[in-house]
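**Student:** Handing you this structure, nothing more for now.
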Amino acid sequence: MFPTQAGWTLAAMTGAAFGASRTTGAGWAMVVVALAGATLLHGFIAPALHIRGARAVACSLSPSWVAGHPQHVELSMPRALRGARVRLLVPETSWVRVEVAGRGRVVARFAGRGVFDRVVLEAHCAAPLGLVRWRATRTIALEHAVDVGPRPAEVAPPEALLSDLHAPGGGSWARPGGDIVSSLREYVPGDPARLVHWPASARHEGLMVKQLEQPRLPTLTIVTDLRGAADAAEAAAERAAGYALVALNAGAPVRLVTSQRSGMVDGAVSGPVDVARRLARATAGPVSRRAGTEGFVLLVSCAGDTLERGVSA
Amino acid sequence: MKVLQRLRQVNGPGVPEESIAFRAWVLVAVLAGEVAVLREGAGTSALWFACIVGTPLAFVFSHRTRGREHLLLKVGLAAALIVALARFTRTVTGTEVASVADVQVPLAELFLWIQLLHSLDVPARRDLMFSLASSFSLVIVSGILSVDTSFALVLVVWGPAALAALVCSERSTATGLARFEPAGTLGGVEARGRAFVAMALGVVGITAVGGSLLAVLPAAGGARTIAFPFRSAGGGGDILGSLSNPSLGDADPLSGGEARRGTRFREDVGRGAASYGYYGFSRSMDLGVRGVRPDDTLVMRVRAPAADFWRGQTFDAWDGQRWTLSDEQGTRLSREIPTQVPGEELGVPEVAGVMSAQNFVQTFYVERPGPNVIFGASRMDHVYLASSAYALSDGTVRAGARLPGGTVYTVVSRRPQVTEQMLRDASASGQHLDPAPFSRYLQLPVIPDRVSELARSVTATAPTAYDKVRALEAWIAANTRYSLDPPAAEQDRDAVDQFLFEDRVGFCEQIGSSLVVLLRSLGIPARLVVGFTPGERNPFTGLYEVRGKDAHAWAEAYFPGVGWQGFDPTANVPLAGEASSLSAGSGAWSYVSRRLPPLPRELVVAAGSVGAAVVSWWGGSLAIGVLSARRARRRARSWADRSLVRLERAGARAGRGRRPCETARAYALALEVHDLASTADVRALADAIDKDAFGPAPIDDGERARAEAVLTLIEAGP
């Protein structure tokens, strides 16, 4: 609760009027003082009553977020907060006026990654007179925790990775999509003519078509070590997310090694949501590559990124 | 350069205010403030015209040009303000300033000019709020200048307009914000209706609470008064201190008129007298005159921090029927402002230590032409008077000119802080009074023996002079009756004797005179004083409204070491040392109710109930708000949080603190309290904490009780 400029001005002028009344004997000035005092009291009490409705606010969020990306939050206001303005501090929203009760959506964004099981709401109200502004913050527990992954950094795979990934018989992250024949089957109308395997068709006495599969790229294991300064750790998490998404887009299997509250976790991730969730829960703790890791190992840390060759790479 | 940039930043134009309603309410408030000051006599007719016509035009101009840069206009306004300030300075320095009262009107005019000029440049919300604050200043200034109840009209207009402007201003601050738009909103008409009801309730509530605050706030004025207004209304030629009272018609002492025994005032003598004219304000006062009571015409208003009797003049010579002044011509006092009044009772020594250290300031606003007597509480120290002044030997003062309606003068008295005990001690201390200076206050004609016999018998058991006075007062109060229509006075009959032993019916002149004569017969110096009772206090203006019927006569007795003290068997003369402090609103209800037409009891009860309900609602809301806030603070920490804290404390006592990344479950199990609780119980406790903290709903009471039991065991320790 803090007086506004108008509130301070009115209080100061009321004090001056009181002094004038006491030193000049002007009764009307004292009447003005009484009415101004009552106005200040009204300006003090009314917003406190209006803002009480903030206690009944509920909100729901989608379970997966990425830091910095705007998403909708659904707010439920069972009571009108006339003259009040409301915003979420975590995740961040801009101020909105709440004139009527109901359920509606506001655009919010989380500033940083993490696992959030509650949101923080802030309400300000000085209505109706604007003399004293009441501030209320309320922590609203969420039904389900929200994972907020880091904003993926714009990264390019390390040069060494690019050059070493041109494995014999395999594809490359730089040229994804190279086909290999895994088997043959009988032609089904509609199959493209380019897939007909003519030598086999000749031997088989019927058209045979090639069954293709994506070239099997080497697994990229991203070891994310977030020990270090907070900013550097967040930057590392963002780079790790960037590497993981680049690899996934290229079709490479990706494993993430992170430290969580429960200990070190080493597991495959299958898409952006998975990556965001894993990195949302990552904490600063000891991590290490598992012995016998296949493919490539990318160590992402606050100090920098290092590519290592795995067992079969 | 930086300073210039900073100045530009501070004075930079704000965001133009688009709300016409806000602008209109501010305009109404500003106009109300301007009119309030103008009607108190500030400004010329040109300023009237400029304010009433110019202000709305200035507001319209300002609104239409709100988006433009106004560099030239600002320069012009600054120049005009400098001119107005110079004019104010010249006015103030050109006159002899005796107190802040002398600069009130020029200052009010300066405020008006500032307000008017500023109205030309109010493009943004900040500027409009400044105008609103400025209008508040004007209302305060006019409230200081106002002495009548018509100022209430100003408040009735200005108050709601200012409130509406504040509401609009607060809404304006949220104009740029996005709106939370849920489905199913209220319609515009209904919302406006609710806003109107809320506004009306706010006005009623503020009025009710403001009324309550008036009962708590101290009364206006006090010992630190710094305003001593005085003003001549003109039309009064110098009469060299002679007594004049035009309200007595042809009985005006200046023209030699006199009301004598056996006549009826306004019929036989005093033809042409005003209905409020009091024959006591003359050179003589004959107790045989009848038909003398003035009506309830308002004759003057008195601004004073407390009620007192406004003394006018004293009579010392008594011939058995008539009082006269033995000292007719006063001494001209110096023309300095303020004018010092010679000490109380010339030639009579004053004993130090009794006088109050605090000034008692009274300002008299003369409403009707009356005597040129300067009224004031005992004892006058100095006066602020536009004309010359003359002091009489009894310490009273006369103006050197007539005092027509509109005259204002201020008297500063130093009231002796006398208490009953002081008077008793003074008269019992055995201080011998030298009768020589008091001979005229002990003088008596030949009075019937039964009068002095009565005085002796009534005061036989009274040990001190003070007790004698009180005993005589009590006897008169018990054995005589106040009446405005006493029997006719008999020719050549002692008026006091007739009153005490025959009629026992009379008005204040008979009663006061009897007390004086009885006291003088006991050797106690006494005199008759004429003046006014305090009148009715107007709780709004803070002024005492003195009417013709408040004219009064009472007795004064002299106490060695203390001085003169008033006594009155018919009215209570307050002792200054026993005065109680007054609240600003004291007497408001009776003042208002006396002026209202008789209302049905049901209406009064209903209005009172509504007022009480509004005040109760406010108070109740405040109480609920405070309690709710306290409960909310208590609830802010959930059971899970509190339980975890208890667990951590128990663990810390056992030498195992909780690690930063340790969950409640891991910590509980790590405490190794197998000797206190089973692992299953500890796990259940941890589960309960986790479930309560992170589950969709708090755990049930049974689960909580089981967890609490385990927690208590762990806390108890081995």
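To be explicit about the labels: the chains of the structure tokens are called A, B, and onward in the order shown, and within each one the residues are counted from 1, while ligands get numbers from 1 in the order they are shown.
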Quick one: contact table of chain A to chain B, 8 Å max, nearest atom pair and distance in Å to one decimal per residue, counting only C-alpha atoms, chain and number order, as CSV?
**Tutor:**
residue,atom,partner,partner_atom,distance
A:Ala6,CA,B:Met129,CA,7.7
A:Thr9,CA,B:Ala133,CA,7.6
A:Leu10,CA,B:Ala133,CA,7.6
A:Met13,CA,B:Ser137,CA,7.7
A:Ala17,CA,B:Ile140,CA,6.3
A:Ala20,CA,B:Ile144,CA,7.6
A:Ser21,CA,B:Ala220,CA,5.1
A:Arg22,CA,B:Gly221,CA,4.2
A:Thr23,CA,B:Thr225,CA,4.0
A:Thr24,CA,B:Ala227,CA,5.2
A:Gly25,CA,B:Gly221,CA,3.4
A:Ala26,CA,B:Ile144,CA,4.8
A:Gly27,CA,B:Gly542,CA,4.1
A:Trp28,CA,B:Gly143,CA,4.9
A:Ala29,CA,B:Gly143,CA,5.0
A:Met30,CA,B:Ala220,CA,6.2
A:Val31,CA,B:Phe540,CA,6.5
A:Val32,CA,B:Ile140,CA,7.1
A:Ala34,CA,B:Gly210,CA,4.8
A:Leu35,CA,B:Gly210,CA,4.5
A:Ala36,CA,B:Gly210,CA,7.7
A:Gly37,CA,B:Gly210,CA,6.9
A:Ala38,CA,B:Gly210,CA,5.0
A:Thr39,CA,B:Ile206,CA,5.9
A:His42,CA,B:Ile206,CA,7.0
A:Ile45,CA,B:Leu622,CA,6.4
A:Ala48,CA,B:Gly625,CA,7.0
A:Leu49,CA,B:Gly625,CA,6.8
A:Gly83,CA,B:Arg171,CA,7.2
A:Arg85,CA,B:Ala174,CA,7.9
A:Trp95,CA,B:Leu177,CA,6.3
A:Val96,CA,B:Ala178,CA,4.9
A:Arg97,CA,B:Arg179,CA,4.6
A:Val98,CA,B:Phe180,CA,5.2
A:Glu99,CA,B:Phe180,CA,7.3
A:Val100,CA,B:Thr185,CA,6.1
A:Ala101,CA,B:Pro182,CA,7.1
A:Gly102,CA,B:Pro182,CA,4.9
A:Arg103,CA,B:Pro182,CA,5.1
A:Gly104,CA,B:Pro182,CA,4.7
A:Arg105,CA,B:Phe180,CA,7.8
A:Val106,CA,B:Phe180,CA,7.7
A:Asp117,CA,B:Phe694,CA,7.3
A:Ala126,CA,B:Glu170,CA,7.3
A:Ala127,CA,B:Glu170,CA,6.5
A:Pro128,CA,B:Val167,CA,5.3
A:Leu129,CA,B:Val167,CA,4.8
A:Gly130,CA,B:Glu170,CA,5.0
A:Ala141,CA,B:Phe694,CA,7.9
A:Leu142,CA,B:Pro696,CA,7.5
A:Glu143,CA,B:Pro696,CA,4.8
A:His144,CA,B:Pro696,CA,7.5
A:Arg261,CA,B:Cys661,CA,5.9
**Student:** Could you please take those selected residues and save N, CA and C atoms as a short mmCIF file (atom, residue, chain, number, x, y, z; two decimals), in the first residue's frame?
**Tutor:**
data_model
loop_
_atom_site.label_atom_id
_atom_site.label_comp_id
_atom_site.auth_asym_id
_atom_site.auth_seq_id
_atom_site.Cartn_x
_atom_site.Cartn_y
_atom_site.Cartn_z
N ALA A 6 -1.31 12.02 -6.08
CA ALA A 6 -2.53 12.75 -5.72
C ALA A 6 -2.81 12.60 -4.22
N THR A 9 -0.45 14.76 -2.30
CA THR A 9 -0.82 16.17 -2.46
C THR A 9 -2.02 16.51 -1.58
N LEU A 10 -3.03 15.64 -1.62
CA LEU A 10 -4.23 15.91 -0.83
C LEU A 10 -3.90 15.90 0.66
N MET A 13 -2.05 19.12 1.49
CA MET A 13 -2.92 20.30 1.48
C MET A 13 -3.90 20.26 2.64
N ALA A 17 -4.32 23.06 5.38
CA ALA A 17 -5.63 23.64 5.74
C ALA A 17 -5.85 23.56 7.24
N ALA A 20 -3.84 26.26 8.73
CA ALA A 20 -4.47 27.56 8.46
C ALA A 20 -5.68 27.76 9.37
N SER A 21 -6.44 26.69 9.56
CA SER A 21 -7.63 26.81 10.40
C SER A 21 -7.26 27.09 11.85
N ARG A 22 -6.21 26.42 12.31
CA ARG A 22 -5.81 26.60 13.71
C ARG A 22 -5.19 27.97 13.96
N THR A 23 -4.59 28.55 12.92
CA THR A 23 -3.92 29.83 13.15
C THR A 23 -4.78 31.03 12.74
N THR A 24 -5.86 30.78 12.02
CA THR A 24 -6.73 31.90 11.65
C THR A 24 -8.09 31.81 12.30
N GLY A 25 -8.42 30.65 12.86
CA GLY A 25 -9.73 30.49 13.48
C GLY A 25 -10.83 30.26 12.48
N ALA A 26 -10.46 29.88 11.25
CA ALA A 26 -11.47 29.70 10.20
C ALA A 26 -12.14 28.34 10.36
N GLY A 27 -13.42 28.38 10.73
CA GLY A 27 -14.16 27.14 10.94
C GLY A 27 -14.38 26.37 9.67
N TRP A 28 -14.63 27.08 8.57
CA TRP A 28 -14.88 26.39 7.31
C TRP A 28 -13.65 25.62 6.85
N ALA A 29 -12.49 26.18 7.16
CA ALA A 29 -11.28 25.46 6.79
C ALA A 29 -11.21 24.13 7.53
N MET A 30 -11.71 24.11 8.77
CA MET A 30 -11.70 22.85 9.52
C MET A 30 -12.73 21.88 8.94
N VAL A 31 -13.84 22.41 8.44
CA VAL A 31 -14.82 21.55 7.78
C VAL A 31 -14.19 20.93 6.53
N VAL A 32 -13.45 21.76 5.79
CA VAL A 32 -12.76 21.25 4.60
C VAL A 32 -11.76 20.17 5.00
N ALA A 34 -11.98 18.18 7.57
CA ALA A 34 -12.73 16.96 7.93
C ALA A 34 -13.16 16.21 6.67
N LEU A 35 -13.66 16.95 5.68
CA LEU A 35 -14.12 16.30 4.45
C LEU A 35 -12.94 15.72 3.67
N ALA A 36 -11.84 16.46 3.65
CA ALA A 36 -10.66 15.93 2.95
C ALA A 36 -10.12 14.71 3.67
N GLY A 37 -10.18 14.73 5.00
CA GLY A 37 -9.75 13.56 5.77
C GLY A 37 -10.63 12.36 5.47
N ALA A 38 -11.93 12.60 5.38
CA ALA A 38 -12.85 11.50 5.05
C ALA A 38 -12.58 10.99 3.64
N THR A 39 -12.23 11.91 2.73
CA THR A 39 -11.91 11.49 1.36
C THR A 39 -10.67 10.62 1.34
N HIS A 42 -11.61 7.28 2.60
CA HIS A 42 -12.33 6.55 1.54
C HIS A 42 -11.33 6.03 0.50
N ILE A 45 -9.62 3.00 2.07
CA ILE A 45 -10.37 1.77 2.34
C ILE A 45 -10.88 1.12 1.05
N ALA A 48 -8.73 -1.22 -0.95
CA ALA A 48 -8.42 -2.44 -0.18
C ALA A 48 -9.57 -3.43 -0.31
N LEU A 49 -10.79 -2.90 -0.37
CA LEU A 49 -11.94 -3.80 -0.53
C LEU A 49 -11.99 -4.34 -1.96
N GLY A 83 -11.68 -1.40 -11.26
CA GLY A 83 -10.65 -0.38 -11.14
C GLY A 83 -9.27 -0.94 -10.87
N ARG A 85 -5.86 -3.35 -11.68
CA ARG A 85 -5.08 -3.86 -12.80
C ARG A 85 -4.32 -5.08 -12.29
N TRP A 95 0.11 -5.57 -17.82
CA TRP A 95 -1.05 -5.24 -16.98
C TRP A 95 -2.33 -5.36 -17.80
N VAL A 96 -3.35 -5.84 -17.16
CA VAL A 96 -4.68 -5.82 -17.79
C VAL A 96 -5.66 -5.23 -16.79
N ARG A 97 -6.63 -4.52 -17.32
CA ARG A 97 -7.70 -4.00 -16.48
C ARG A 97 -8.73 -5.09 -16.28
N VAL A 98 -9.24 -5.21 -15.09
CA VAL A 98 -10.26 -6.24 -14.82
C VAL A 98 -11.51 -5.53 -14.34
N GLU A 99 -12.42 -5.33 -15.26
CA GLU A 99 -13.64 -4.60 -14.89
C GLU A 99 -14.76 -5.56 -14.51
N VAL A 100 -14.71 -6.76 -15.08
CA VAL A 100 -15.82 -7.69 -14.84
C VAL A 100 -15.24 -9.08 -14.54
N ALA A 101 -16.07 -9.88 -13.88
CA ALA A 101 -15.65 -11.23 -13.54
C ALA A 101 -15.77 -12.12 -14.76
N GLY A 102 -15.05 -13.24 -14.74
CA GLY A 102 -15.17 -14.19 -15.85
C GLY A 102 -13.88 -14.95 -16.05
N ARG A 103 -13.83 -15.62 -17.21
CA ARG A 103 -12.66 -16.45 -17.51
C ARG A 103 -12.12 -15.99 -18.85
N GLY A 104 -10.85 -15.68 -18.89
CA GLY A 104 -10.30 -15.20 -20.15
C GLY A 104 -8.82 -15.51 -20.24
N ARG A 105 -8.24 -15.12 -21.37
CA ARG A 105 -6.84 -15.49 -21.59
C ARG A 105 -5.96 -14.25 -21.68
N VAL A 106 -4.77 -14.39 -21.18
CA VAL A 106 -3.77 -13.34 -21.33
C VAL A 106 -2.50 -13.97 -21.88
N ASP A 117 5.70 -24.83 -10.27
CA ASP A 117 4.46 -25.44 -9.77
C ASP A 117 3.50 -24.39 -9.24
N ALA A 126 -6.21 1.37 -7.01
CA ALA A 126 -6.33 2.66 -6.32
C ALA A 126 -7.73 3.21 -6.51
N ALA A 127 -8.57 2.44 -7.15
CA ALA A 127 -9.92 2.92 -7.47
C ALA A 127 -10.75 3.09 -6.19
N PRO A 128 -11.66 3.98 -6.15
CA PRO A 128 -12.08 4.83 -7.26
C PRO A 128 -11.35 6.18 -7.31
N LEU A 129 -10.67 6.57 -6.24
CA LEU A 129 -10.19 7.96 -6.19
C LEU A 129 -8.73 8.12 -6.59
N GLY A 130 -7.99 7.02 -6.60
CA GLY A 130 -6.59 7.11 -7.01
C GLY A 130 -5.71 7.80 -5.99
N ALA A 141 -1.04 -21.99 -6.63
CA ALA A 141 -0.48 -23.32 -6.91
C ALA A 141 -1.14 -23.90 -8.17
N LEU A 142 -0.33 -24.49 -9.02
CA LEU A 142 -0.86 -25.07 -10.25
C LEU A 142 -1.20 -26.54 -10.03
N GLU A 143 -2.16 -27.02 -10.77
CA GLU A 143 -2.53 -28.44 -10.61
C GLU A 143 -1.37 -29.33 -11.04
N HIS A 144 -0.69 -28.94 -12.10
CA HIS A 144 0.46 -29.70 -12.56
C HIS A 144 1.61 -28.74 -12.78
N ARG A 261 17.53 -32.92 -9.71
CA ARG A 261 17.50 -32.99 -8.24
C ARG A 261 17.65 -34.43 -7.76
#
**Student:** Please provide as a ChimeraX atom specification all residues within 9 Å of Asp266 in chain A, with the sequence filter that same-chain residues fewer than 4 positions apart are discarded (counting only C-alpha atoms).
**Tutor:** /A:221,223,255-259,289-290
**Student:** Using DSSP on the backbone coordinates, identify the residues of range 66-121 of chain A assigned to strand (DSSP E or B); present them as a ChimeraX atom specification.
**Tutor:** /A:66,71-77,84-90,92,96-98,102-109,114-121
**Student:** Tell me which protein, DNA and RNA residues are within 12 Å of range 302-310 of chain A, counting only C-alpha atoms, leaving out same-chain ones fewer than 4 positions away, and put them as a PyMOL selection string.
**Tutor:** chain A and resi 155-165+218-240+243+284+289-298
**Student:** Which one is closest to Arg133 in chain A: A:Arg203, A:Leu279, A:Ala84, A:Leu248? Count only C-alpha atoms.
**Tutor:**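 Looking at the shortest contact to Arg133 in chain A, the residue is A:Ala84.
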**Student:** Which one of A:Ala67, A:Tyr187, A:Ala54, A:Leu61 sits closest to Thr139 in chain A if you count only C-alpha atoms?
**Tutor:** A:Ala54
**Student:** Tell me, as number ranges by chain, which residues lie within 10 Å of Val273 in chain A, counting only C-alpha atoms; anything in the same chain fewer than 5 positions away does not count.
**Tutor:** A: 63-66, 147-149, 278-279
**Student:** If I take CA of Gly406 in chain B and CA of Asp102 in chain B, how far is one from the other in Å, to one decimal?
**Tutor:**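 Separating CA of Gly406 in chain B from CA of Asp102 in chain B is a distance of 16.0 Å.
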**Student:** If we count only C-alpha atoms and set the cut-off at 6 Å, which residues sit around range 420-429 of chain B, ignoring sequence neighbours fewer than 3 positions away in its own chain? Please answer as a PyMOL selection string.
**Tutor:** chain B and resi 464-466
**Student:** Go through range 120-339 of chain B and collect every residue that DSSP, computed from the backbone, puts in alpha helix (DSSP H); the answer should be as a VMD selection string.
**Tutor:** chain B and resid 125 to 145 151 to 173 188 to 216
**Student:** Can you write just those residues out, C-alpha atoms, as a PDB file, in the first residue's frame?
**Tutor:**
ATOM      1  CA  ARG B 125      -3.563  14.654 -16.900  1.00  0.00           C
ATOM      2  CA  ARG B 126      -0.776  16.037 -14.715  1.00  0.00           C
ATOM      3  CA  ASP B 127      -1.789  19.612 -15.603  1.00  0.00           C
ATOM      4  CA  LEU B 128      -5.430  18.920 -14.879  1.00  0.00           C
ATOM      5  CA  MET B 129      -4.510  17.436 -11.507  1.00  0.00           C
ATOM      6  CA  PHE B 130      -2.519  20.569 -10.779  1.00  0.00           C
ATOM      7  CA  SER B 131      -5.616  22.615 -11.609  1.00  0.00           C
ATOM      8  CA  LEU B 132      -7.642  20.446  -9.264  1.00  0.00           C
ATOM      9  CA  ALA B 133      -5.121  20.970  -6.464  1.00  0.00           C
ATOM     10  CA  SER B 134      -5.124  24.666  -7.236  1.00  0.00           C
ATOM     11  CA  SER B 135      -8.907  24.765  -6.943  1.00  0.00           C
ATOM     12  CA  PHE B 136      -8.537  23.083  -3.554  1.00  0.00           C
ATOM     13  CA  SER B 137      -6.234  25.933  -2.506  1.00  0.00           C
ATOM     14  CA  LEU B 138      -8.876  28.419  -3.596  1.00  0.00           C
ATOM     15  CA  VAL B 139     -11.501  26.591  -1.550  1.00  0.00           C
ATOM     16  CA  ILE B 140      -9.264  26.642   1.518  1.00  0.00           C
ATOM     17  CA  VAL B 141      -8.535  30.343   1.042  1.00  0.00           C
ATOM     18  CA  SER B 142     -12.215  31.157   0.639  1.00  0.00           C
ATOM     19  CA  GLY B 143     -12.987  28.973   3.662  1.00  0.00           C
ATOM     20  CA  ILE B 144     -10.590  31.113   5.667  1.00  0.00           C
ATOM     21  CA  LEU B 145     -12.226  34.307   4.443  1.00  0.00           C
ATOM     22  CA  PHE B 151     -19.959  28.772   1.941  1.00  0.00           C
ATOM     23  CA  ALA B 152     -21.688  25.396   2.218  1.00  0.00           C
ATOM     24  CA  LEU B 153     -22.996  25.933  -1.334  1.00  0.00           C
ATOM     25  CA  VAL B 154     -19.407  26.101  -2.568  1.00  0.00           C
ATOM     26  CA  LEU B 155     -18.625  22.797  -0.909  1.00  0.00           C
ATOM     27  CA  VAL B 156     -21.783  21.209  -2.305  1.00  0.00           C
ATOM     28  CA  VAL B 157     -20.623  22.052  -5.829  1.00  0.00           C
ATOM     29  CA  TRP B 158     -16.865  21.736  -5.461  1.00  0.00           C
ATOM     30  CA  GLY B 159     -16.801  18.519  -3.411  1.00  0.00           C
ATOM     31  CA  PRO B 160     -18.642  16.175  -5.799  1.00  0.00           C
ATOM     32  CA  ALA B 161     -16.936  17.783  -8.796  1.00  0.00           C
ATOM     33  CA  ALA B 162     -13.519  17.197  -7.265  1.00  0.00           C
ATOM     34  CA  LEU B 163     -14.431  13.610  -6.374  1.00  0.00           C
ATOM     35  CA  ALA B 164     -15.676  12.970  -9.903  1.00  0.00           C
ATOM     36  CA  ALA B 165     -12.463  14.471 -11.274  1.00  0.00           C
ATOM     37  CA  LEU B 166     -10.396  12.158  -9.069  1.00  0.00           C
ATOM     38  CA  VAL B 167     -12.392   9.156 -10.277  1.00  0.00           C
ATOM     39  CA  CYS B 168     -11.914  10.200 -13.899  1.00  0.00           C
ATOM     40  CA  SER B 169      -8.220  10.749 -13.293  1.00  0.00           C
ATOM     41  CA  GLU B 170      -7.779   7.280 -11.844  1.00  0.00           C
ATOM     42  CA  ARG B 171      -9.630   5.786 -14.801  1.00  0.00           C
ATOM     43  CA  SER B 172      -7.475   7.812 -17.136  1.00  0.00           C
ATOM     44  CA  THR B 173      -4.322   6.193 -15.751  1.00  0.00           C
ATOM     45  CA  GLY B 188     -22.682  -0.111 -20.606  1.00  0.00           C
ATOM     46  CA  VAL B 189     -25.875   1.370 -19.204  1.00  0.00           C
ATOM     47  CA  GLU B 190     -25.895  -0.963 -16.236  1.00  0.00           C
ATOM     48  CA  ALA B 191     -22.211  -0.309 -15.572  1.00  0.00           C
ATOM     49  CA  ARG B 192     -22.786   3.442 -15.692  1.00  0.00           C
ATOM     50  CA  GLY B 193     -25.724   3.030 -13.314  1.00  0.00           C
ATOM     51  CA  ARG B 194     -23.550   1.146 -10.874  1.00  0.00           C
ATOM     52  CA  ALA B 195     -20.829   3.769 -11.157  1.00  0.00           C
ATOM     53  CA  PHE B 196     -23.360   6.479 -10.368  1.00  0.00           C
ATOM     54  CA  VAL B 197     -24.652   4.590  -7.328  1.00  0.00           C
ATOM     55  CA  ALA B 198     -21.080   3.996  -6.147  1.00  0.00           C
ATOM     56  CA  MET B 199     -20.312   7.694  -6.600  1.00  0.00           C
ATOM     57  CA  ALA B 200     -23.445   8.744  -4.705  1.00  0.00           C
ATOM     58  CA  LEU B 201     -22.640   6.314  -1.894  1.00  0.00           C
ATOM     59  CA  GLY B 202     -19.104   7.666  -1.798  1.00  0.00           C
ATOM     60  CA  VAL B 203     -20.365  11.236  -1.418  1.00  0.00           C
ATOM     61  CA  VAL B 204     -22.786  10.196   1.354  1.00  0.00           C
ATOM     62  CA  GLY B 205     -20.090   8.183   3.097  1.00  0.00           C
ATOM     63  CA  ILE B 206     -17.533  10.971   2.912  1.00  0.00           C
ATOM     64  CA  THR B 207     -20.066  13.459   4.252  1.00  0.00           C
ATOM     65  CA  ALA B 208     -21.008  11.140   7.111  1.00  0.00           C
ATOM     66  CA  VAL B 209     -17.431  10.324   8.041  1.00  0.00           C
ATOM     67  CA  GLY B 210     -16.413  13.972   7.608  1.00  0.00           C
ATOM     68  CA  GLY B 211     -19.157  14.890  10.071  1.00  0.00           C
ATOM     69  CA  SER B 212     -17.792  12.340  12.503  1.00  0.00           C
ATOM     70  CA  LEU B 213     -14.280  13.695  12.074  1.00  0.00           C
ATOM     71  CA  LEU B 214     -15.549  17.175  12.908  1.00  0.00           C
ATOM     72  CA  ALA B 215     -16.514  15.842  16.308  1.00  0.00           C
ATOM     73  CA  VAL B 216     -12.930  14.733  16.872  1.00  0.00           C
TER      74      VAL B 216
END
**Student:** I'd like the contact shell of Tyr278 in chain B - 10 Å cut-off, only C-alpha atoms, skipping same-chain residues fewer than 6 positions apart - returned as a list in words.
**Tutor:** Asn245, Ser247, Leu248, Phe265, Val292, Arg293, Pro294, Asp295, Gly370, Pro371, Val530, Gly531, Gly548, Lys549, Asp550, Ala551 and His552 of chain B
**Student:** If you count only C-alpha atoms, which residues fall within 8 Å of range 279-288 of chain B, apart from same-chain ones fewer than 6 positions away, as a PyMOL selection string?
**Tutor:** chain B and resi 243-245+248+252-253+258-263+312-313+315+321-325+328+371+373+488-490+495+509-510+530-531+553
